[in-house]
$ cat start_34.txt   # compact mmCIF, C-alpha atoms and all ligand atoms
# COMPACT_ATOMS: atom_id res chain seq x y z
CA MET A 926 4.57 -4.84 20.65
CA SER A 927 4.39 -6.32 17.20
CA ASN A 928 2.91 -4.87 14.05
CA ARG A 929 -0.14 -6.24 12.28
CA LEU A 930 -0.77 -6.01 8.54
CA THR A 931 -4.23 -6.80 7.14
CA TRP A 932 -5.15 -7.16 3.48
CA TYR A 933 -8.75 -6.07 2.85
CA GLY A 934 -8.73 -7.07 -0.82
CA HIS A 935 -7.40 -5.29 -3.94
CA ALA A 936 -4.84 -2.72 -2.65
CA ALA A 937 -6.63 -1.86 0.61
CA LEU A 938 -4.46 -2.50 3.65
CA GLY A 939 -4.71 -2.06 7.38
CA LEU A 940 -1.67 -1.55 9.58
CA GLU A 941 -1.70 -1.55 13.36
CA THR A 942 1.55 -0.25 14.77
CA GLY A 943 2.55 1.35 18.05
CA GLY A 944 -1.07 1.64 19.14
CA TYR A 945 -2.12 3.47 15.96
CA ARG A 946 -4.46 2.21 13.26
CA LEU A 947 -3.59 3.03 9.66
CA LEU A 948 -5.57 2.38 6.49
CA ILE A 949 -3.85 2.42 3.11
CA ASP A 950 -5.87 2.98 -0.10
CA PRO A 951 -9.22 2.20 1.59
CA PHE A 952 -11.33 1.09 -1.39
CA PHE A 953 -14.33 -0.82 -0.05
CA THR A 954 -17.48 0.54 -1.76
CA GLY A 955 -17.61 -1.07 -5.21
CA ASN A 956 -14.67 -3.36 -4.48
CA PRO A 957 -15.81 -6.93 -5.27
CA ALA A 958 -12.97 -8.32 -3.10
CA ALA A 959 -13.59 -6.09 -0.08
CA ALA A 960 -13.41 -7.94 3.23
CA THR A 961 -15.03 -5.09 5.17
CA SER A 962 -16.98 -1.88 4.58
CA ALA A 963 -16.33 1.85 4.84
CA GLU A 964 -18.73 1.95 7.79
CA ALA A 965 -17.05 -0.86 9.73
CA VAL A 966 -13.42 0.31 9.72
CA THR A 967 -11.70 2.71 12.08
CA ALA A 968 -8.52 4.67 11.51
CA ASP A 969 -6.22 7.22 13.08
CA TYR A 970 -4.41 7.77 9.76
CA ILE A 971 -5.30 7.08 6.12
CA LEU A 972 -2.54 6.85 3.50
CA VAL A 973 -3.48 7.41 -0.16
CA SER A 974 -0.95 6.35 -2.81
CA HIS A 975 -2.50 7.98 -5.87
CA GLY A 976 -5.66 9.53 -7.26
CA HIS A 977 -7.33 6.54 -8.94
CA GLY A 978 -10.77 5.61 -7.64
CA ASP A 979 -9.71 2.11 -6.58
CA HIS A 980 -7.22 3.74 -4.15
CA VAL A 981 -8.84 7.00 -2.98
CA GLY A 982 -11.88 4.77 -2.51
CA ASP A 983 -13.82 5.65 0.65
CA THR A 984 -11.15 7.99 2.05
CA VAL A 985 -13.41 11.06 2.27
CA ALA A 986 -16.26 9.24 4.07
CA ILE A 987 -13.96 7.40 6.49
CA ALA A 988 -11.93 10.52 7.29
CA LYS A 989 -15.08 12.55 7.97
CA ARG A 990 -16.57 9.83 10.20
CA THR A 991 -13.44 8.93 12.16
CA GLY A 992 -11.51 12.22 12.12
CA ALA A 993 -8.48 10.37 10.75
CA THR A 994 -5.56 12.36 9.38
CA VAL A 995 -5.02 11.71 5.68
CA ILE A 996 -1.46 11.53 4.37
CA SER A 997 -0.83 11.74 0.64
CA ASN A 998 0.96 13.87 -1.89
CA PHE A 999 0.40 17.63 -1.86
CA GLU A 1000 -2.04 17.63 -4.81
CA ILE A 1001 -4.28 14.85 -3.46
CA VAL A 1002 -4.28 16.35 0.04
CA ASN A 1003 -5.48 19.67 -1.41
CA TRP A 1004 -8.25 17.85 -3.32
CA LEU A 1005 -9.32 15.99 -0.17
CA SER A 1006 -9.40 19.24 1.80
CA ALA A 1007 -11.75 20.68 -0.85
CA GLN A 1008 -13.99 17.60 -0.29
CA GLY A 1009 -14.25 18.52 3.39
CA VAL A 1010 -11.50 16.37 4.92
CA GLU A 1011 -10.25 18.42 7.88
CA LYS A 1012 -7.05 16.72 9.02
CA THR A 1013 -4.40 16.20 6.37
CA HIS A 1014 -0.63 15.97 6.12
CA PRO A 1015 0.97 16.58 2.71
CA GLN A 1016 4.25 14.90 1.79
CA HIS A 1017 5.91 14.21 -1.52
CA LEU A 1018 8.12 11.68 -3.24
CA GLY A 1019 11.45 11.15 -1.53
CA GLY A 1020 10.31 13.01 1.55
CA GLY A 1021 9.96 11.39 4.95
CA PHE A 1022 8.35 12.58 8.18
CA LYS A 1023 8.36 11.27 11.74
CA HIS A 1024 4.68 10.73 12.48
CA PRO A 1025 3.54 9.41 15.89
CA PHE A 1026 3.22 5.92 14.30
CA GLY A 1027 6.68 5.90 12.69
CA TYR A 1028 8.87 7.45 10.01
CA LEU A 1029 7.00 7.45 6.70
CA LYS A 1030 8.69 8.09 3.38
CA LEU A 1031 6.87 8.45 0.06
CA THR A 1032 8.62 6.42 -2.62
CA PHE A 1033 8.65 6.46 -6.41
CA ALA A 1034 6.01 4.62 -8.43
CA ILE A 1035 5.49 4.28 -12.18
CA HIS A 1036 1.78 4.84 -12.70
CA GLY A 1037 -0.87 7.58 -13.16
CA SER A 1038 -2.66 9.62 -10.51
CA ALA A 1039 -5.69 11.46 -11.96
CA LEU A 1040 -8.39 11.91 -9.32
CA PRO A 1041 -11.93 10.52 -9.80
CA ASP A 1042 -13.28 13.87 -11.10
CA GLY A 1043 -10.35 14.29 -13.49
CA SER A 1044 -8.42 16.67 -11.23
CA TYR A 1045 -4.64 16.52 -11.34
CA GLY A 1046 -3.42 14.14 -8.63
CA GLY A 1047 0.33 14.77 -8.77
CA ASN A 1048 2.64 11.79 -8.90
CA PRO A 1049 1.72 8.31 -7.62
CA CYS A 1050 3.73 6.92 -4.74
CA GLY A 1051 4.50 3.90 -2.62
CA PHE A 1052 5.10 3.97 1.14
CA LEU A 1053 8.17 3.03 3.14
CA LEU A 1054 7.44 2.94 6.86
CA THR A 1055 9.91 2.45 9.69
CA THR A 1056 7.83 1.44 12.69
CA HIS A 1057 8.30 2.39 16.35
CA ASP A 1058 10.16 -0.89 16.88
CA GLY A 1059 12.44 -0.46 13.87
CA ARG A 1060 10.64 -2.72 11.39
CA LYS A 1061 10.61 -1.66 7.77
CA ILE A 1062 7.61 -2.24 5.54
CA TYR A 1063 7.36 -1.11 1.93
CA THR A 1064 3.98 -1.06 0.23
CA ALA A 1065 4.45 -0.42 -3.49
CA GLN A 1066 0.73 -0.01 -4.24
CA ASP A 1067 0.25 0.56 -8.02
CA THR A 1068 3.45 0.52 -10.00
CA GLY A 1069 5.33 -1.08 -12.82
CA LEU A 1070 8.76 -2.57 -12.21
CA PHE A 1071 11.54 0.00 -11.78
CA GLY A 1072 15.23 -0.52 -11.17
CA ASP A 1073 15.38 1.81 -8.19
CA MET A 1074 13.51 -0.80 -6.19
CA LYS A 1075 17.08 -1.86 -5.48
CA LEU A 1076 17.59 1.39 -3.53
CA ILE A 1077 14.44 0.71 -1.51
CA GLY A 1078 15.69 -2.82 -0.85
CA GLU A 1079 18.96 -1.42 0.51
CA GLU A 1080 16.93 -0.06 3.44
CA GLY A 1081 16.61 -3.67 4.68
CA LEU A 1082 12.96 -4.63 4.34
CA ASP A 1083 11.12 -6.87 6.74
CA VAL A 1084 8.00 -6.84 4.56
CA ALA A 1085 7.25 -5.77 0.99
CA VAL A 1086 3.70 -5.54 -0.33
CA ILE A 1087 3.65 -5.56 -4.13
CA PRO A 1088 1.10 -5.81 -6.95
CA ILE A 1089 1.09 -8.91 -9.15
CA GLY A 1090 -2.14 -8.47 -11.13
CA ASP A 1091 -0.64 -7.34 -14.46
CA ASN A 1092 -2.47 -5.08 -16.95
CA PHE A 1093 -2.51 -1.98 -14.67
CA THR A 1094 0.62 -2.81 -12.62
CA MET A 1095 3.45 -5.31 -12.52
CA GLY A 1096 2.43 -8.83 -13.42
CA PRO A 1097 3.83 -12.02 -11.90
CA ALA A 1098 7.06 -12.09 -13.93
CA ASP A 1099 8.01 -8.49 -13.15
CA ALA A 1100 6.86 -8.91 -9.54
CA LEU A 1101 9.35 -11.78 -9.23
CA ARG A 1102 12.07 -9.43 -10.53
CA ALA A 1103 10.87 -6.83 -8.00
CA VAL A 1104 11.36 -9.33 -5.16
CA LYS A 1105 14.93 -9.91 -6.37
CA LEU A 1106 15.59 -6.14 -6.22
CA LEU A 1107 13.79 -5.53 -2.92
CA GLN A 1108 15.04 -8.66 -1.12
CA PRO A 1109 12.47 -8.45 1.68
CA LYS A 1110 12.21 -11.12 4.37
CA ILE A 1111 8.51 -11.52 3.52
CA VAL A 1112 6.54 -10.48 0.43
CA VAL A 1113 2.76 -10.07 0.31
CA PRO A 1114 1.06 -9.98 -3.12
CA ILE A 1115 -1.85 -7.59 -3.73
CA HIS A 1116 -3.82 -5.98 -6.60
CA TYR A 1117 -4.88 -9.28 -8.20
CA ASN A 1118 -8.12 -11.31 -8.57
CA THR A 1119 -10.31 -8.26 -7.88
CA TRP A 1120 -11.65 -8.46 -11.44
CA PRO A 1121 -11.09 -11.01 -14.26
CA LEU A 1122 -8.75 -8.49 -15.94
CA ILE A 1123 -6.19 -8.96 -13.14
CA ALA A 1124 -6.80 -12.63 -12.32
CA GLN A 1125 -3.58 -14.46 -11.38
CA ASP A 1126 -2.49 -17.85 -10.04
CA VAL A 1127 -1.00 -16.56 -6.79
CA GLU A 1128 0.06 -19.98 -5.51
CA ALA A 1129 2.11 -20.62 -8.66
CA TRP A 1130 3.74 -17.20 -8.23
CA ALA A 1131 4.50 -17.92 -4.59
CA ARG A 1132 6.16 -21.24 -5.47
CA GLN A 1133 8.34 -19.54 -8.11
CA VAL A 1134 9.40 -16.73 -5.75
CA GLU A 1135 10.35 -19.18 -3.01
CA ALA A 1136 12.24 -21.37 -5.52
CA GLU A 1137 14.29 -18.47 -6.90
CA THR A 1138 14.80 -16.15 -3.90
CA ASN A 1139 15.34 -16.25 -0.13
CA THR A 1140 12.09 -14.33 0.41
CA ARG A 1141 9.11 -16.02 2.04
CA VAL A 1142 5.75 -15.38 0.37
CA ARG A 1143 2.77 -14.73 2.60
CA VAL A 1144 -0.45 -15.11 0.60
CA LEU A 1145 -3.25 -13.49 2.57
CA LYS A 1146 -6.95 -13.95 1.93
CA PRO A 1147 -9.00 -10.73 1.94
CA GLY A 1148 -9.58 -9.93 5.61
CA GLU A 1149 -6.61 -11.98 6.79
CA SER A 1150 -3.77 -10.49 8.89
CA MET A 1151 -0.13 -11.23 9.63
CA GLU A 1152 2.21 -10.05 12.37
CA PHE A 1153 5.68 -8.75 11.69
NI NI B 1 -4.04 3.00 -10.12
MN MN B 2 -5.18 0.28 -8.78

$ encode --input "start_34.txt" --output "structure tokens"
Amino acid sequence: MSNRLTWYGHAALGLETGGYRLLIDPFFTGNPAAATSAEAVTADYILVSHGHGDHVGDTVAIAKRTGATVISNFEIVNWLSAQGVEKTHPQHLGGGFKHPFGYLKLTFAIHGSALPDGSYGGNPCGFLLTTHDGRKIYTAQDTGLFGDMKLIGEEGLDVAVIPIGDNFTMGPADALRAVKLLQPKIVVPIHYNTWPLIAQDVEAWARQVEAETNTRVRVLKPGESMEF
């Protein structure tokens, strides 16, 4: 059974693996790039990388409607519980856990994590998932470039999902350097073209990555999926 990654626009991702449906940073309401809605999606698990509104997004509503288990850092999980989310699993940076869908480790990210109401959201994270069939996917979510991406790359990545939008996260030039550190088989760019502030020429970036590295770039349209 293969694994299916869907980009819903901005940093919202869907992952179907081992018969489980995961949503990552499900920001649909108010997301001009959203390819679906909070009402239309289903999930067994929701992963939240940090507290910003464009990542927590519709987590509370989707979790309440679907009964999905939300996985995030300890601080965000506590905040979600106070909002009425019943099923949660706290982890923290550097820590992994064998969930039914695979082994999920929370990775370092350089960013902020204040929650929408100003509450403290702990440290932001990325996600490194080893699937039931041994595939490794790293989703960086919001981060600047950091040298320890090399350590994540040493895990042997099938897929890396990284931001290229600049301004709030890595831009194209640093995202190219990230690909050189991560050395994934496939890279998927996210967190661009949602708003004019993070508009990027993704095709030009893809050409440069493929010219300078052995990584294949998979540019998805919002709503589009790929198997891995
Ligand atoms: Ni953010
Ligand atoms: Mn963001």

$ closest_residue --input "start_34.txt" --among "A:Val1010, A:Met1151, A:Leu1076, A:Ile971" --to "Ser997 (chain A)" --atoms "only C-alpha atoms"
A:Ile971

$ residues_around --input "start_34.txt" --residues "region 1141-1149 of chain A" --least-positions-apart "4" --cutoff "8 Å" --atoms "all atoms listed in the file" --output "VMD selection string"
chain A and resid 931 to 934 958 to 961 1110 to 1114 1127 to 1128 1131 1134 to 1135

$ residues_near_ligand --input "start_34.txt" --ligand "ligand MN 2 (chain B)" --cutoff "9 Å" --atoms "all atoms listed in the file" --output "PyMOL selection string"
chain A and resi 935-936+975+977-980+1066-1068+1088+1093-1094+1116

$ residues_around --input "start_34.txt" --residues "Leu972 (chain A)" --least-positions-apart "4" --cutoff "9 Å" --atoms "all atoms listed in the file" --output "list of chain:residue names"
A:Leu947, A:Leu948, A:Ile949, A:Asp950, A:Pro951, A:Thr984, A:Thr994, A:Val995, A:Ile996, A:Ser997, A:Phe1052

$ write_last_selection --input "start_34.txt" --atoms "C-alpha atoms" --output "PDB file, keeping the file's coordinate frame"
ATOM      1  CA  LEU A 947      -3.590   3.030   9.660  1.00  0.00           C
ATOM      2  CA  LEU A 948      -5.570   2.380   6.490  1.00  0.00           C
ATOM      3  CA  ILE A 949      -3.850   2.420   3.110  1.00  0.00           C
ATOM      4  CA  ASP A 950      -5.870   2.980  -0.100  1.00  0.00           C
ATOM      5  CA  PRO A 951      -9.220   2.200   1.590  1.00  0.00           C
ATOM      6  CA  THR A 984     -11.150   7.990   2.050  1.00  0.00           C
ATOM      7  CA  THR A 994      -5.560  12.360   9.380  1.00  0.00           C
ATOM      8  CA  VAL A 995      -5.020  11.710   5.680  1.00  0.00           C
ATOM      9  CA  ILE A 996      -1.460  11.530   4.370  1.00  0.00           C
ATOM     10  CA  SER A 997      -0.830  11.740   0.640  1.00  0.00           C
ATOM     11  CA  PHE A1052       5.100   3.970   1.140  1.00  0.00           C
TER      12      PHE A1052
END

$ closest_residue --input "start_34.txt" --among "A:Thr1056, A:Ser1006, A:Ser974, A:Thr1138" --to "ligand NI 1 (chain B)" --atoms "all atoms listed in the file"
A:Ser974

$ residues_around --input "start_34.txt" --residues "Leu1005 (chain A)" --least-positions-apart "3" --cutoff "12 Å" --atoms "only C-alpha atoms" --output "mmCIF file with C-alpha atoms, in the frame of the given file"
data_model
loop_
_atom_site.group_PDB
_atom_site.id
_atom_site.type_symbol
_atom_site.label_atom_id
_atom_site.label_comp_id
_atom_site.auth_asym_id
_atom_site.auth_seq_id
_atom_site.Cartn_x
_atom_site.Cartn_y
_atom_site.Cartn_z
ATOM 1 C CA ILE A 971 -5.300 7.080 6.120
ATOM 2 C CA LEU A 972 -2.540 6.850 3.500
ATOM 3 C CA VAL A 973 -3.480 7.410 -0.160
ATOM 4 C CA HIS A 975 -2.500 7.980 -5.870
ATOM 5 C CA GLY A 976 -5.660 9.530 -7.260
ATOM 6 C CA VAL A 981 -8.840 7.000 -2.980
ATOM 7 C CA GLY A 982 -11.880 4.770 -2.510
ATOM 8 C CA ASP A 983 -13.820 5.650 0.650
ATOM 9 C CA THR A 984 -11.150 7.990 2.050
ATOM 10 C CA VAL A 985 -13.410 11.060 2.270
ATOM 11 C CA ALA A 986 -16.260 9.240 4.070
ATOM 12 C CA ILE A 987 -13.960 7.400 6.490
ATOM 13 C CA ALA A 988 -11.930 10.520 7.290
ATOM 14 C CA LYS A 989 -15.080 12.550 7.970
ATOM 15 C CA THR A 994 -5.560 12.360 9.380
ATOM 16 C CA VAL A 995 -5.020 11.710 5.680
ATOM 17 C CA ILE A 996 -1.460 11.530 4.370
ATOM 18 C CA SER A 997 -0.830 11.740 0.640
ATOM 19 C CA ASN A 998 0.960 13.870 -1.890
ATOM 20 C CA PHE A 999 0.400 17.630 -1.860
ATOM 21 C CA GLU A 1000 -2.040 17.630 -4.810
ATOM 22 C CA ILE A 1001 -4.280 14.850 -3.460
ATOM 23 C CA VAL A 1002 -4.280 16.350 0.040
ATOM 24 C CA GLN A 1008 -13.990 17.600 -0.290
ATOM 25 C CA GLY A 1009 -14.250 18.520 3.390
ATOM 26 C CA VAL A 1010 -11.500 16.370 4.920
ATOM 27 C CA GLU A 1011 -10.250 18.420 7.880
ATOM 28 C CA LYS A 1012 -7.050 16.720 9.020
ATOM 29 C CA THR A 1013 -4.400 16.200 6.370
ATOM 30 C CA HIS A 1014 -0.630 15.970 6.120
ATOM 31 C CA PRO A 1015 0.970 16.580 2.710
ATOM 32 C CA LEU A 1040 -8.390 11.910 -9.320
ATOM 33 C CA PRO A 1041 -11.930 10.520 -9.800
ATOM 34 C CA ASP A 1042 -13.280 13.870 -11.100
ATOM 35 C CA SER A 1044 -8.420 16.670 -11.230
ATOM 36 C CA GLY A 1046 -3.420 14.140 -8.630
#

$ residues_around --input "start_34.txt" --residues "Asp1073 (chain A)" --least-positions-apart "6" --cutoff "10 Å" --atoms "only C-alpha atoms" --output "VMD selection string"
chain A and resid 1032 to 1034 1079 1103 1106 to 1107

$ write_last_selection --input "start_34.txt" --atoms "C-alpha atoms" --output "PDB file, in the frame of the given file"
ATOM      1  CA  THR A1032       8.620   6.420  -2.620  1.00  0.00           C
ATOM      2  CA  PHE A1033       8.650   6.460  -6.410  1.00  0.00           C
ATOM      3  CA  ALA A1034       6.010   4.620  -8.430  1.00  0.00           C
ATOM      4  CA  GLU A1079      18.960  -1.420   0.510  1.00  0.00           C
ATOM      5  CA  ALA A1103      10.870  -6.830  -8.000  1.00  0.00           C
ATOM      6  CA  LEU A1106      15.590  -6.140  -6.220  1.00  0.00           C
ATOM      7  CA  LEU A1107      13.790  -5.530  -2.920  1.00  0.00           C
TER       8      LEU A1107
END

$ closest_residue --input "start_34.txt" --among "A:Cys1050, A:Gly1096, A:Asp1058, A:Arg1102" --to "ligand NI 1 (chain B)" --atoms "all atoms listed in the file"
A:Cys1050

$ residues_near_point --input "start_34.txt" --point "(-17.8, 2.2, 9.5)" --cutoff "10 Å" --atoms "only C-alpha atoms" --output "ChimeraX atom specification"
/A:961-968,986-987,990-991

$ closest_residue --input "start_34.txt" --among "A:Ala1007, A:Ile1089, A:Ala1100, A:Met1095" --to "Asn1118 (chain A)" --atoms "all atoms listed in the file"
A:Ile1089

$ atom_distance --input "start_34.txt" --atom1 "CA of Gln1133 (chain A)" --atom2 "CA of Pro1109 (chain A)"
15.4 Å

$ atom_distance --input "start_34.txt" --atom1 "CA of Val1086 (chain A)" --atom2 "CA of Pro1121 (chain A)"
21.0 Å

$ atom_distance --input "start_34.txt" --atom1 "CA of Phe1026 (chain A)" --atom2 "CA of Arg929 (chain A)"
12.8 Å

$ closest_residue --input "start_34.txt" --among "A:Gly1043, A:Tyr1117, A:His1036, A:Ala1136" --to "Phe1071 (chain A)" --atoms "all atoms listed in the file"
A:His1036

$ residues_around --input "start_34.txt" --residues "Gly1027 (chain A)" --least-positions-apart "6" --cutoff "8 Å" --atoms "all atoms listed in the file" --output "list in words"
Leu1054, Thr1055, Thr1056 and His1057 of chain A

$ decode --input "start_34.txt" --residues "region 1034-1047 of chain A" --atoms "N, CA, C and O atoms" --output "compact mmCIF listing (two decimals), in the first residue's frame"
# COMPACT_ATOMS: atom_id res chain seq x y z
N ALA A 1034 12.45 23.62 14.54
CA ALA A 1034 12.10 24.64 13.55
C ALA A 1034 12.46 26.00 14.12
O ALA A 1034 12.33 26.22 15.33
N ILE A 1035 12.93 26.89 13.27
CA ILE A 1035 13.23 28.27 13.71
C ILE A 1035 12.05 29.13 13.33
O ILE A 1035 11.84 29.45 12.15
N HIS A 1036 11.26 29.52 14.31
CA HIS A 1036 10.03 30.27 14.03
C HIS A 1036 9.43 30.70 15.37
O HIS A 1036 10.08 30.53 16.41
N GLY A 1037 8.20 31.23 15.37
CA GLY A 1037 7.47 31.56 16.59
C GLY A 1037 6.35 30.56 16.78
O GLY A 1037 6.17 29.65 15.97
N SER A 1038 5.57 30.72 17.87
CA SER A 1038 4.49 29.74 18.09
C SER A 1038 3.37 30.29 18.98
O SER A 1038 2.64 29.52 19.59
N ALA A 1039 3.22 31.62 19.05
CA ALA A 1039 2.12 32.17 19.87
C ALA A 1039 0.78 31.70 19.28
O ALA A 1039 0.62 31.65 18.06
N LEU A 1040 -0.14 31.37 20.17
CA LEU A 1040 -1.47 30.91 19.73
C LEU A 1040 -2.34 32.11 19.36
O LEU A 1040 -2.01 33.24 19.69
N PRO A 1041 -3.45 31.87 18.64
CA PRO A 1041 -4.27 32.99 18.14
C PRO A 1041 -4.74 33.96 19.23
O PRO A 1041 -4.91 35.15 18.94
N ASP A 1042 -4.95 33.50 20.46
CA ASP A 1042 -5.39 34.42 21.52
C ASP A 1042 -4.22 34.96 22.32
O ASP A 1042 -4.40 35.59 23.37
N GLY A 1043 -3.00 34.76 21.84
CA GLY A 1043 -1.82 35.28 22.51
C GLY A 1043 -1.21 34.33 23.52
O GLY A 1043 -0.16 34.61 24.08
N SER A 1044 -1.87 33.18 23.75
CA SER A 1044 -1.33 32.19 24.69
C SER A 1044 0.03 31.68 24.22
O SER A 1044 0.31 31.65 23.01
N TYR A 1045 0.82 31.24 25.18
CA TYR A 1045 2.14 30.68 24.86
C TYR A 1045 1.99 29.33 24.16
O TYR A 1045 1.32 28.43 24.67
N GLY A 1046 2.59 29.19 23.01
CA GLY A 1046 2.43 27.96 22.23
C GLY A 1046 3.68 27.08 22.19
O GLY A 1046 3.81 26.24 21.30
N GLY A 1047 4.58 27.26 23.16
CA GLY A 1047 5.78 26.41 23.17
C GLY A 1047 6.66 26.69 21.96
O GLY A 1047 6.66 27.79 21.42
